[in-house]
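Trainee: One structure, as structure tokens, below. Some questions next.
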Amino acid sequence: MKKILISLIICLNIIQLNAQTDSLLVKKNVIKLNATVFPDYFHSYSVAYERNIFAKKWLKLNVEADAGVVYSLCNKVWYHKVCKLPSFSTSVNTLFGRKSHYFEINTGVRYFIFCEEEYNYIFKEWMPVLNLGYRYQNPKGRGLVFRTFIGLFGVGISVGKSF
């Protein structure tokens, strides 16, 4: 009976030790807010969710999905009008770096829906996404994610939280 009790206490201590190390694991999920500006043409805002799918010492691969709004300058015959376009995108983020500092390459596709009620015209378009940038993400800290980038749709900034 004494041996069974000692074995049970040892097993419970091992389980407890493993449970305490879970808080040190790398955070794999990110929720972030994106803002992009292409001067004199459009600007966009979106909310994105990102998940890490592969990680080595200096290389990480993340998949991302976001939804947002693009405000674009639409040409009319006599005036300019600002159009509001819903936008959805999916992409793969490749991160090169160590610790908290990364060079990021973001590639994917973006889907726009443009509806012109005045002329009964609906425009749906798939566009490529290509962004190059810098990313700060502390893998074990409080979870701040900060990102600046330049790409096909202009210059942008992102702020988010990893969990």
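Every chain in the structure tokens takes a letter, A first, then B, and so on in the order presented; its residues are numbered from 1, and the ligands are numbered from 1 following the presented order.
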Taking a cut-off of 10 Å and counting only C-alpha atoms, can you build a table that, for each residue of region 48-101 of chain A near region 140-151 of chain A, reports the nearest atom pair and how far apart they are in Å (one decimal), sorted by chain then residue number, as JSON lines?

Mentor:
{"residue": "A:Lys99", "atom": "CA", "partner": "A:Lys140", "partner_atom": "CA", "distance": 9.4}
{"residue": "A:Ser100", "atom": "CA", "partner": "A:Lys140", "partner_atom": "CA", "distance": 9.3}
{"residue": "A:His101", "atom": "CA", "partner": "A:Phe146", "partner_atom": "CA", "distance": 9.9}

Trainee: Please tabulate, as CSV, the residues of region 49-72 of chain A that come within 10 Å of region 109-114 of chain A, each with its closest pair of atoms and the distance in Å to one decimal, counting only C-alpha atoms and ordering rows by chain, then residue number upward.

Mentor:
residue,atom,partner,partner_atom,distance
A:Ala65,CA,A:Arg110,CA,9.7
A:Asp66,CA,A:Arg110,CA,9.1
A:Ala67,CA,A:Arg110,CA,9.5
A:Gly68,CA,A:Phe112,CA,9.9
A:Val69,CA,A:Phe112,CA,9.1
A:Val70,CA,A:Phe112,CA,8.5

Trainee: What does the distance between CA of Arg135 (chain A) and CA of Tyr71 (chain A) come to in Å, to one decimal place?

Mentor: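 These two atoms are separated by 25.3 Å.
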
Trainee: Using only C-alpha atoms, find the one residue out of A:Lys32, A:Lys84, A:Lys161, A:Lys27 that sits nearest to Glu64 (chain A).

Mentor: A:Lys32

Trainee: Using only C-alpha atoms, can you tell me which of A:Ile105, A:Ile31, A:Val155, A:Ala48 comes closest to Asn131 (chain A)?

Mentor: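 Nearest candidate to Asn131 (chain A) out of A:Ile105, A:Ile31, A:Val155, A:Ala48: A:Ile105.
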